Amino acid sequence: MLIDSGDDFFAAACAVPLQNVTTKVLAAAGVELLVRRDDLLDKQLSGNKFYKLFFNLHEASKKRISTLLSFGGAYSNHLHALAAAGQRYGFRTIGVVRGERPAQLNPTLADAEKWGMQLVFISRKEYGDKHESPIIDALHNQFGEFYSIPEGGANLAGAQGMQLLGRALEQQVKADYTAVCLPCGTGTSLAGLAAGISQEKQALGFSCLKGDGNLGGNIAHYYRQLFSDRLWVDAPGNWRLISGFHAGGYAKRPPDYLFRFWHAFEQETGLLLDPVYTLKMFWAIHCLAQQGYWARGSRVIAIHTGGLQGRRGFTCPEPTVI
C-alpha cells in the first residue's frame, strides 16, 4: 500500500524481505544471489511502481489536483498501478493508451477500467507526439485540469521514490555486496537506485529494449538531477546499463530458449517472474554468471520489480513452487 507520510513510506521500504535464491548455474559459478522482493509490497501496487508513484501522488495532492493522467501501452504495469492508486486514494484517473480500443479489453485494461480509470485510445502516430502541445491541449480541453505523469512514471518524482528504495537497501544489507541489479525500461528506476545506494557500489540496469536510443542519456539526466546539490557528482557515476538481453525487444513474446529458462527458473526457485522485465534480468544474471562476469564469492542483489499482472498477456509456465 502507499503510505501517507515519507517516514512510513521509508519504513515500508526497509521492511521488504531479501530472499536468498540459489540455482545450479549460480552455485556452479560461485555467485550468491539475494532477491529483494518488492513484488510482495502490494497486490496492486507492487515493485517499482510503488516507489515511482509515491512522490507523484503527493505532488498532485500538494497542488490540490484531483485528476491524474498518464500514458501507456495495452499491458502497461504503470497504468494498472495508477488506476489502483486512484481508486484507493480518491483520485480521478485517465489512461491514454497507444492504439485503437479492442473489441474486448485485455485483463490489464479491464482492471484499470473497473477501478475507475477512463481509458482514451489514440493512434500510434498521435502517441508518438503525446508530449507535443496539440495533444496535451486537446486532453486539457477534454478533461480540464490534471496532473500529468509520464509513461512509466519516468520523471524526477519517480526517480526520487526509487532513490528511497536504494537507501532502504543500504540499511538492510549489513554485509558487503558486489552489485545490485534491476531491469530497465525508461531508466528512471536505475537512476534513482544508483543515487540511493553507496557511491562505492555499482547499480546494473538490464535494458529490455531492442534499441536503447537515449536510455543512457535519460538515466544520466535523472541521476544528475538527484545530485543537483552535490556538484562533484558527474554522470554516469556508479551505474552501468547493460544491453543485449532484450530477447527480441520490449513486450515481445519470449523466444523458445527464454521460455525454457523461464520454466526451469520458476521450477527451481519457486520465484514467479514477469515476461517483460524480471524474466530478462534473471536470464541476464545467469548468462553473466556462466561467463565469469563476477568472481567466485560475489554477492549480487536483484530487485524484483513486480509486474506479475503482466503474466496474463502471455502463455506462462506453471511452476512447481518449492
# chains A, B, ... in the order shown; residues from 1 in each chain; ligands from 1
$ select_by_dssp --residues "range 172-278 of chain A" --states "alpha helix (DSSP H)" --output "count of residues only"
37
$ residues_around --residues "range 297-304 of chain A" --least-positions-apart "6" --cutoff "6 Å" --atoms "only C-alpha atoms" --output "list in words"
Gly30, Val31, Glu32, Leu33, Leu34, Val35, Arg36, Arg37, Asp38, Asp39, Tyr177, Thr178, Ala179, Val180, Cys181 and Leu182 of chain A
$ write_last_selection --atoms "all heavy atoms" --output "compact mmCIF listing (two decimals), in the first residue's frame"
# COMPACT_ATOMS: atom_id res chain seq x y z
N GLY A 30 29.68 -19.94 -8.29
CA GLY A 30 30.09 -19.40 -7.00
C GLY A 30 29.53 -18.02 -6.72
O GLY A 30 30.14 -17.23 -6.00
N VAL A 31 28.34 -17.74 -7.26
CA VAL A 31 27.70 -16.44 -7.09
C VAL A 31 26.50 -16.57 -6.16
O VAL A 31 25.62 -17.40 -6.39
CB VAL A 31 27.25 -15.86 -8.45
CG1 VAL A 31 26.45 -14.57 -8.25
CG2 VAL A 31 28.45 -15.60 -9.35
N GLU A 32 26.49 -15.76 -5.10
CA GLU A 32 25.34 -15.73 -4.19
C GLU A 32 24.37 -14.66 -4.69
O GLU A 32 24.78 -13.53 -4.99
CB GLU A 32 25.80 -15.37 -2.78
CG GLU A 32 24.65 -15.31 -1.78
CD GLU A 32 25.09 -14.85 -0.39
OE1 GLU A 32 26.29 -14.53 -0.22
OE2 GLU A 32 24.22 -14.78 0.50
N LEU A 33 23.10 -15.02 -4.78
CA LEU A 33 22.08 -14.09 -5.27
C LEU A 33 21.04 -13.85 -4.19
O LEU A 33 20.41 -14.78 -3.68
CB LEU A 33 21.40 -14.64 -6.52
CG LEU A 33 20.30 -13.76 -7.13
CD1 LEU A 33 20.87 -12.43 -7.62
CD2 LEU A 33 19.59 -14.48 -8.27
N LEU A 34 20.86 -12.57 -3.85
CA LEU A 34 19.80 -12.15 -2.95
C LEU A 34 18.77 -11.39 -3.76
O LEU A 34 19.12 -10.47 -4.51
CB LEU A 34 20.34 -11.24 -1.84
CG LEU A 34 21.17 -11.89 -0.73
CD1 LEU A 34 21.72 -10.82 0.20
CD2 LEU A 34 20.32 -12.87 0.06
N VAL A 35 17.50 -11.74 -3.62
CA VAL A 35 16.42 -11.07 -4.35
C VAL A 35 15.62 -10.24 -3.36
O VAL A 35 15.10 -10.76 -2.37
CB VAL A 35 15.51 -12.08 -5.06
CG1 VAL A 35 14.38 -11.35 -5.79
CG2 VAL A 35 16.32 -12.92 -6.05
N ARG A 36 15.56 -8.94 -3.64
CA ARG A 36 14.73 -8.05 -2.83
C ARG A 36 13.31 -8.14 -3.37
O ARG A 36 13.03 -7.75 -4.50
CB ARG A 36 15.26 -6.62 -2.89
CG ARG A 36 14.60 -5.71 -1.86
CD ARG A 36 15.11 -4.28 -1.98
NE ARG A 36 14.00 -3.37 -1.84
CZ ARG A 36 13.66 -2.74 -0.72
NH1 ARG A 36 14.39 -2.91 0.37
NH2 ARG A 36 12.62 -1.93 -0.68
N ARG A 37 12.37 -8.62 -2.54
CA ARG A 37 11.05 -9.00 -3.00
C ARG A 37 10.08 -7.81 -2.98
O ARG A 37 9.06 -7.82 -2.29
CB ARG A 37 10.51 -10.15 -2.15
CG ARG A 37 11.33 -11.44 -2.25
CD ARG A 37 11.25 -12.05 -3.65
NE ARG A 37 9.90 -12.24 -4.10
CZ ARG A 37 9.15 -13.33 -3.79
NH1 ARG A 37 9.66 -14.29 -3.05
NH2 ARG A 37 7.92 -13.44 -4.25
N ASP A 38 10.37 -6.82 -3.80
CA ASP A 38 9.45 -5.68 -3.89
C ASP A 38 8.14 -6.06 -4.56
O ASP A 38 7.18 -5.28 -4.52
CB ASP A 38 10.12 -4.51 -4.60
CG ASP A 38 11.17 -3.85 -3.72
OD1 ASP A 38 10.78 -3.13 -2.79
OD2 ASP A 38 12.38 -4.05 -3.95
N ASP A 39 8.08 -7.24 -5.18
CA ASP A 39 6.82 -7.71 -5.74
C ASP A 39 5.81 -8.05 -4.65
O ASP A 39 4.61 -8.16 -4.93
CB ASP A 39 7.07 -8.95 -6.61
CG ASP A 39 7.72 -10.10 -5.84
OD1 ASP A 39 8.76 -9.86 -5.20
OD2 ASP A 39 7.18 -11.22 -5.88
N TYR A 177 28.36 -6.34 -0.60
CA TYR A 177 27.81 -6.94 -1.80
C TYR A 177 28.53 -6.36 -3.02
O TYR A 177 29.13 -5.29 -2.98
CB TYR A 177 26.30 -6.73 -1.89
CG TYR A 177 25.82 -5.30 -2.01
CD1 TYR A 177 25.63 -4.70 -3.25
CD2 TYR A 177 25.55 -4.55 -0.88
CE1 TYR A 177 25.18 -3.40 -3.37
CE2 TYR A 177 25.10 -3.24 -0.98
CZ TYR A 177 24.92 -2.67 -2.22
OH TYR A 177 24.49 -1.37 -2.32
N THR A 178 28.45 -7.12 -4.12
CA THR A 178 29.20 -6.78 -5.33
C THR A 178 28.46 -5.78 -6.20
O THR A 178 29.06 -4.82 -6.71
CB THR A 178 29.48 -8.06 -6.14
OG1 THR A 178 30.10 -9.03 -5.28
CG2 THR A 178 30.38 -7.77 -7.32
N ALA A 179 27.18 -6.03 -6.43
CA ALA A 179 26.38 -5.17 -7.31
C ALA A 179 24.91 -5.39 -7.02
O ALA A 179 24.52 -6.40 -6.43
CB ALA A 179 26.66 -5.47 -8.78
N VAL A 180 24.08 -4.41 -7.42
CA VAL A 180 22.64 -4.55 -7.33
C VAL A 180 22.06 -4.38 -8.72
O VAL A 180 22.47 -3.48 -9.46
CB VAL A 180 22.02 -3.55 -6.32
CG1 VAL A 180 22.40 -2.12 -6.65
CG2 VAL A 180 20.51 -3.70 -6.24
N CYS A 181 21.15 -5.26 -9.11
CA CYS A 181 20.64 -5.33 -10.48
C CYS A 181 19.15 -5.04 -10.53
O CYS A 181 18.41 -5.37 -9.60
CB CYS A 181 20.87 -6.73 -11.06
SG CYS A 181 22.56 -7.32 -10.98
N LEU A 182 18.71 -4.47 -11.65
CA LEU A 182 17.29 -4.34 -11.91
C LEU A 182 17.07 -4.16 -13.41
O LEU A 182 17.98 -3.73 -14.12
CB LEU A 182 16.65 -3.20 -11.12
CG LEU A 182 16.67 -1.77 -11.66
CD1 LEU A 182 15.73 -0.89 -10.86
CD2 LEU A 182 18.07 -1.20 -11.61
$ closest_residue --among "A:Thr186, A:Gln104, A:Gln309, A:Asn48" --to "Pro150 in chain A" --atoms "only C-alpha atoms"
A:Thr186
$ closest_atom_pairs --of "range 108-187 of chain A" --to "range 12-20 of chain A" --cutoff "12 Å" --atoms "only C-alpha atoms" --output "tab-separated table"
residue	atom	partner	partner_atom	distance
A:Gly161	CA	A:Ala13	CA	10.0
A:Met162	CA	A:Ala13	CA	9.9
A:Gln163	CA	A:Ala13	CA	10.8
A:Leu164	CA	A:Ala13	CA	7.6
A:Leu165	CA	A:Ala13	CA	6.1
A:Gly166	CA	A:Ala13	CA	9.2
A:Arg167	CA	A:Cys14	CA	8.5
A:Ala168	CA	A:Cys14	CA	4.8
A:Leu169	CA	A:Cys14	CA	6.8
A:Glu170	CA	A:Cys14	CA	9.1
A:Gln171	CA	A:Cys14	CA	7.2
A:Gln172	CA	A:Cys14	CA	6.6
A:Val173	CA	A:Leu18	CA	8.8
A:Lys174	CA	A:Leu18	CA	11.9
$ write_last_selection --atoms "all heavy atoms" --output "CSV table (one decimal), in the first residue's frame"
chain,number,residue,atom,x,y,z
A,161,GLY,N,11.5,8.4,-5.7
A,161,GLY,CA,11.0,7.2,-5.0
A,161,GLY,C,11.9,6.1,-5.0
A,161,GLY,O,12.1,5.4,-4.0
A,162,MET,N,12.5,5.8,-6.2
A,162,MET,CA,13.5,4.7,-6.3
A,162,MET,C,14.8,5.0,-5.5
A,162,MET,O,15.4,4.1,-5.1
A,162,MET,CB,13.8,4.5,-7.7
A,162,MET,CG,12.7,3.8,-8.5
A,162,MET,SD,12.2,2.2,-7.8
A,162,MET,CE,13.7,1.2,-8.2
A,163,GLN,N,15.1,6.3,-5.3
A,163,GLN,CA,16.3,6.6,-4.5
A,163,GLN,C,16.0,6.2,-3.1
A,163,GLN,O,17.0,5.7,-2.4
A,163,GLN,CB,16.5,8.1,-4.6
A,163,GLN,CG,17.7,8.6,-3.8
A,163,GLN,CD,18.0,10.1,-4.0
A,163,GLN,OE1,17.0,10.8,-4.2
A,163,GLN,NE2,19.2,10.5,-3.8
A,164,LEU,N,14.8,6.3,-2.6
A,164,LEU,CA,14.5,5.8,-1.2
A,164,LEU,C,14.6,4.3,-1.1
A,164,LEU,O,15.0,3.8,-0.1
A,164,LEU,CB,13.1,6.2,-0.8
A,164,LEU,CG,12.9,7.7,-0.3
A,164,LEU,CD1,11.5,7.9,0.2
A,164,LEU,CD2,13.9,8.0,0.7
A,165,LEU,N,14.3,3.6,-2.2
A,165,LEU,CA,14.5,2.1,-2.3
A,165,LEU,C,16.0,1.8,-2.1
A,165,LEU,O,16.3,0.9,-1.3
A,165,LEU,CB,14.0,1.5,-3.6
A,165,LEU,CG,14.0,0.0,-3.7
A,165,LEU,CD1,13.0,-0.5,-4.7
A,165,LEU,CD2,15.4,-0.5,-4.1
A,166,GLY,N,16.8,2.6,-2.8
A,166,GLY,CA,18.3,2.4,-2.6
A,166,GLY,C,18.7,2.6,-1.2
A,166,GLY,O,19.6,1.8,-0.7
A,167,ARG,N,18.2,3.7,-0.6
A,167,ARG,CA,18.6,4.0,0.8
A,167,ARG,C,18.2,2.9,1.8
A,167,ARG,O,18.9,2.5,2.7
A,167,ARG,CB,18.1,5.3,1.2
A,167,ARG,CG,18.8,6.5,0.5
A,167,ARG,CD,18.1,7.8,0.8
A,167,ARG,NE,18.8,8.9,0.1
A,167,ARG,CZ,18.3,10.1,0.1
A,167,ARG,NH1,17.1,10.4,0.6
A,167,ARG,NH2,19.0,11.1,-0.6
A,168,ALA,N,16.9,2.4,1.5
A,168,ALA,CA,16.4,1.3,2.3
A,168,ALA,C,17.3,0.0,2.2
A,168,ALA,O,17.6,-0.7,3.2
A,168,ALA,CB,15.0,1.0,1.9
A,169,LEU,N,17.7,-0.2,1.0
A,169,LEU,CA,18.6,-1.4,0.7
A,169,LEU,C,19.9,-1.3,1.5
A,169,LEU,O,20.4,-2.3,2.1
A,169,LEU,CB,18.8,-1.5,-0.8
A,169,LEU,CG,19.7,-2.7,-1.2
A,169,LEU,CD1,19.0,-4.0,-0.9
A,169,LEU,CD2,20.0,-2.6,-2.7
A,170,GLU,N,20.4,-0.1,1.5
A,170,GLU,CA,21.7,0.1,2.2
A,170,GLU,C,21.5,-0.2,3.7
A,170,GLU,O,22.5,-0.7,4.4
A,170,GLU,CB,22.2,1.6,2.0
A,170,GLU,CG,22.8,1.8,0.7
A,170,GLU,CD,24.1,1.1,0.5
A,170,GLU,OE1,25.1,1.4,1.1
A,170,GLU,OE2,24.1,0.2,-0.4
A,171,GLN,N,20.4,0.1,4.3
A,171,GLN,CA,20.1,-0.2,5.7
A,171,GLN,C,19.9,-1.6,5.9
A,171,GLN,O,20.3,-2.2,7.0
A,171,GLN,CB,18.9,0.6,6.2
A,171,GLN,CG,19.2,2.1,6.4
A,171,GLN,CD,18.1,2.7,7.3
A,171,GLN,OE1,17.3,2.0,8.0
A,171,GLN,NE2,18.2,4.0,7.4
A,172,GLN,N,19.4,-2.3,4.9
A,172,GLN,CA,19.1,-3.8,5.1
A,172,GLN,C,20.3,-4.6,5.0
A,172,GLN,O,20.4,-5.6,5.8
A,172,GLN,CB,18.1,-4.2,4.0
A,172,GLN,CG,16.7,-3.8,4.2
A,172,GLN,CD,15.8,-4.4,3.1
A,172,GLN,OE1,16.0,-4.0,1.9
A,172,GLN,NE2,14.9,-5.3,3.4
A,173,VAL,N,21.1,-4.4,4.0
A,173,VAL,CA,22.3,-5.3,3.7
A,173,VAL,C,23.5,-4.9,4.6
A,173,VAL,O,24.2,-3.9,4.3
A,173,VAL,CB,22.6,-5.2,2.2
A,173,VAL,CG1,23.7,-6.2,1.9
A,173,VAL,CG2,21.4,-5.5,1.4
A,174,LYS,N,23.7,-5.6,5.6
A,174,LYS,CA,24.8,-5.3,6.5
A,174,LYS,C,26.1,-5.8,6.0
A,174,LYS,O,27.1,-5.2,6.2
A,174,LYS,CB,24.5,-5.9,7.9
A,174,LYS,CG,23.2,-5.5,8.5
A,174,LYS,CD,23.0,-4.0,8.6
A,174,LYS,CE,21.7,-3.6,9.2
A,174,LYS,NZ,21.4,-2.2,9.3
$ select_by_dssp --residues "range 61-273 of chain A" --states "strand (DSSP E or B)" --output "PyMOL selection string"
chain A and resi 67-72+92-98+118-122+147-149+179-184+202-207+239-242
$ residues_around --residues "range 210-221 of chain A" --least-positions-apart "4" --cutoff "12 Å" --atoms "only C-alpha atoms" --output "short mmCIF file (atom, residue, chain, number, x, y, z; two decimals) with N, CA, C and O atoms, in the first residue's frame"
data_model
loop_
_atom_site.label_atom_id
_atom_site.label_comp_id
_atom_site.auth_asym_id
_atom_site.auth_seq_id
_atom_site.Cartn_x
_atom_site.Cartn_y
_atom_site.Cartn_z
N ALA A 154 8.18 8.08 -15.47
CA ALA A 154 9.54 8.50 -15.78
C ALA A 154 9.70 10.01 -15.61
O ALA A 154 9.69 10.76 -16.57
N ASN A 155 9.84 10.43 -14.36
CA ASN A 155 10.15 11.82 -14.07
C ASN A 155 10.98 11.88 -12.79
O ASN A 155 11.30 10.84 -12.19
N LEU A 156 11.32 13.08 -12.37
CA LEU A 156 12.18 13.22 -11.18
C LEU A 156 11.50 12.66 -9.94
O LEU A 156 12.16 12.02 -9.11
N ALA A 159 12.04 9.00 -9.90
CA ALA A 159 13.42 8.68 -9.54
C ALA A 159 13.65 8.87 -8.05
O ALA A 159 14.39 8.10 -7.42
N CYS A 184 15.48 -2.47 -16.88
CA CYS A 184 15.30 -1.07 -17.28
C CYS A 184 14.35 -0.95 -18.47
O CYS A 184 14.51 -1.66 -19.46
N GLY A 185 13.39 -0.02 -18.36
CA GLY A 185 12.54 0.35 -19.47
C GLY A 185 12.74 1.81 -19.84
O GLY A 185 13.10 2.15 -20.95
N THR A 186 12.54 2.69 -18.84
CA THR A 186 12.77 4.13 -19.06
C THR A 186 14.09 4.58 -18.46
O THR A 186 14.58 5.65 -18.80
N GLY A 187 14.64 3.81 -17.54
CA GLY A 187 15.89 4.18 -16.88
C GLY A 187 15.70 4.96 -15.59
O GLY A 187 16.66 5.18 -14.84
N THR A 188 14.47 5.38 -15.29
CA THR A 188 14.19 6.16 -14.09
C THR A 188 14.55 5.37 -12.83
O THR A 188 15.14 5.91 -11.88
N SER A 189 14.18 4.10 -12.81
CA SER A 189 14.44 3.28 -11.62
C SER A 189 15.93 3.12 -11.39
O SER A 189 16.41 3.17 -10.25
N LEU A 190 16.70 2.91 -12.45
CA LEU A 190 18.14 2.72 -12.31
C LEU A 190 18.80 3.99 -11.77
O LEU A 190 19.66 3.93 -10.89
N ALA A 191 18.39 5.15 -12.29
CA ALA A 191 18.97 6.42 -11.82
C ALA A 191 18.71 6.60 -10.33
O ALA A 191 19.62 6.96 -9.56
N GLY A 192 17.47 6.35 -9.91
CA GLY A 192 17.14 6.52 -8.50
C GLY A 192 17.86 5.52 -7.62
O GLY A 192 18.38 5.87 -6.55
N LEU A 193 17.89 4.26 -8.03
CA LEU A 193 18.56 3.23 -7.26
C LEU A 193 20.04 3.55 -7.08
O LEU A 193 20.59 3.48 -5.98
N ALA A 194 20.70 3.94 -8.18
CA ALA A 194 22.13 4.25 -8.12
C ALA A 194 22.40 5.42 -7.19
O ALA A 194 23.41 5.45 -6.47
N ALA A 195 21.50 6.40 -7.19
CA ALA A 195 21.68 7.57 -6.33
C ALA A 195 21.43 7.23 -4.86
O ALA A 195 21.96 7.91 -3.98
N ALA A 203 25.29 -0.10 -9.47
CA ALA A 203 23.94 -0.49 -9.87
C ALA A 203 23.98 -0.87 -11.34
O ALA A 203 24.43 -0.09 -12.18
N LEU A 204 23.50 -2.07 -11.65
CA LEU A 204 23.48 -2.58 -13.02
C LEU A 204 22.04 -2.61 -13.52
O LEU A 204 21.17 -3.21 -12.88
N GLY A 205 21.80 -1.97 -14.65
CA GLY A 205 20.48 -1.98 -15.25
C GLY A 205 20.48 -2.78 -16.54
O GLY A 205 21.35 -2.58 -17.39
N PHE A 206 19.54 -3.71 -16.69
CA PHE A 206 19.47 -4.55 -17.87
C PHE A 206 18.35 -4.04 -18.77
O PHE A 206 17.16 -4.11 -18.42
N GLN A 225 20.09 15.14 -11.71
CA GLN A 225 19.07 15.91 -11.01
C GLN A 225 18.98 15.52 -9.53
O GLN A 225 18.79 16.38 -8.66
N LEU A 226 19.12 14.24 -9.24
CA LEU A 226 19.06 13.78 -7.86
C LEU A 226 20.24 14.28 -7.05
O LEU A 226 20.18 14.35 -5.82
N PHE A 227 21.33 14.60 -7.72
CA PHE A 227 22.51 15.11 -7.05
C PHE A 227 22.74 16.58 -7.37
O PHE A 227 23.87 17.06 -7.35
N SER A 228 21.68 17.31 -7.64
CA SER A 228 21.83 18.70 -8.07
C SER A 228 22.50 19.58 -7.02
O SER A 228 23.09 20.61 -7.35
N VAL A 233 29.38 15.41 -8.26
CA VAL A 233 28.89 14.21 -8.95
C VAL A 233 28.85 14.45 -10.45
O VAL A 233 28.30 15.44 -10.92
N ASP A 234 29.42 13.54 -11.20
CA ASP A 234 29.43 13.65 -12.65
C ASP A 234 28.93 12.33 -13.23
O ASP A 234 29.47 11.28 -12.94
N ALA A 235 27.85 12.39 -14.01
CA ALA A 235 27.33 11.17 -14.64
C ALA A 235 28.42 10.58 -15.53
O ALA A 235 29.23 11.30 -16.08
N PRO A 236 28.50 9.27 -15.69
CA PRO A 236 27.48 8.30 -15.32
C PRO A 236 27.52 7.80 -13.88
O PRO A 236 26.64 7.07 -13.47
N GLY A 237 28.53 8.13 -13.10
CA GLY A 237 28.50 7.74 -11.70
C GLY A 237 28.59 6.24 -11.50
O GLY A 237 29.30 5.54 -12.23
N ASN A 238 27.85 5.74 -10.50
CA ASN A 238 28.01 4.35 -10.08
C ASN A 238 26.97 3.43 -10.70
O ASN A 238 26.51 2.48 -10.07
N TRP A 239 26.58 3.69 -11.94
CA TRP A 239 25.63 2.82 -12.61
C TRP A 239 26.19 2.39 -13.96
O TRP A 239 27.05 3.05 -14.55
N ARG A 240 25.65 1.28 -14.43
CA ARG A 240 26.03 0.78 -15.76
C ARG A 240 24.80 0.18 -16.42
O ARG A 240 24.07 -0.59 -15.79
N LEU A 241 24.58 0.54 -17.67
CA LEU A 241 23.47 0.00 -18.46
C LEU A 241 24.01 -1.14 -19.32
O LEU A 241 24.97 -0.96 -20.07
N ILE A 242 23.39 -2.31 -19.19
CA ILE A 242 23.82 -3.49 -19.93
C ILE A 242 22.76 -3.85 -20.97
O ILE A 242 21.58 -4.05 -20.64
N SER A 243 23.16 -3.92 -22.22
CA SER A 243 22.25 -4.25 -23.32
C SER A 243 22.53 -5.66 -23.82
O SER A 243 23.47 -6.32 -23.38
N GLY A 244 21.70 -6.12 -24.74
CA GLY A 244 21.93 -7.42 -25.37
C GLY A 244 21.11 -8.54 -24.79
O GLY A 244 21.22 -9.69 -25.23
N PHE A 245 20.27 -8.24 -23.80
CA PHE A 245 19.43 -9.28 -23.20
C PHE A 245 17.94 -8.96 -23.37
O PHE A 245 17.11 -9.32 -22.56
N HIS A 246 17.62 -8.26 -24.47
CA HIS A 246 16.23 -7.86 -24.72
C HIS A 246 15.38 -8.99 -25.27
O HIS A 246 14.15 -8.92 -25.26
N ALA A 247 16.01 -10.05 -25.79
CA ALA A 247 15.31 -11.24 -26.30
C ALA A 247 14.25 -10.90 -27.34
O ALA A 247 13.15 -11.43 -27.33
N GLY A 248 14.58 -9.99 -28.25
CA GLY A 248 13.68 -9.67 -29.35
C GLY A 248 13.02 -8.32 -29.25
O GLY A 248 12.44 -7.83 -30.22
N GLY A 249 13.08 -7.69 -28.07
CA GLY A 249 12.50 -6.37 -27.93
C GLY A 249 11.47 -6.27 -26.83
O GLY A 249 11.05 -7.28 -26.23
N TYR A 250 11.07 -5.06 -26.57
CA TYR A 250 10.16 -4.76 -25.47
C TYR A 250 8.78 -5.39 -25.70
O TYR A 250 8.18 -5.22 -26.77
N ALA A 251 8.31 -6.11 -24.70
CA ALA A 251 6.96 -6.69 -24.69
C ALA A 251 6.71 -7.68 -25.84
O ALA A 251 5.56 -7.95 -26.18
N LYS A 252 7.78 -8.20 -26.43
CA LYS A 252 7.63 -9.24 -27.45
C LYS A 252 7.47 -10.60 -26.79
O LYS A 252 7.93 -10.81 -25.66
#
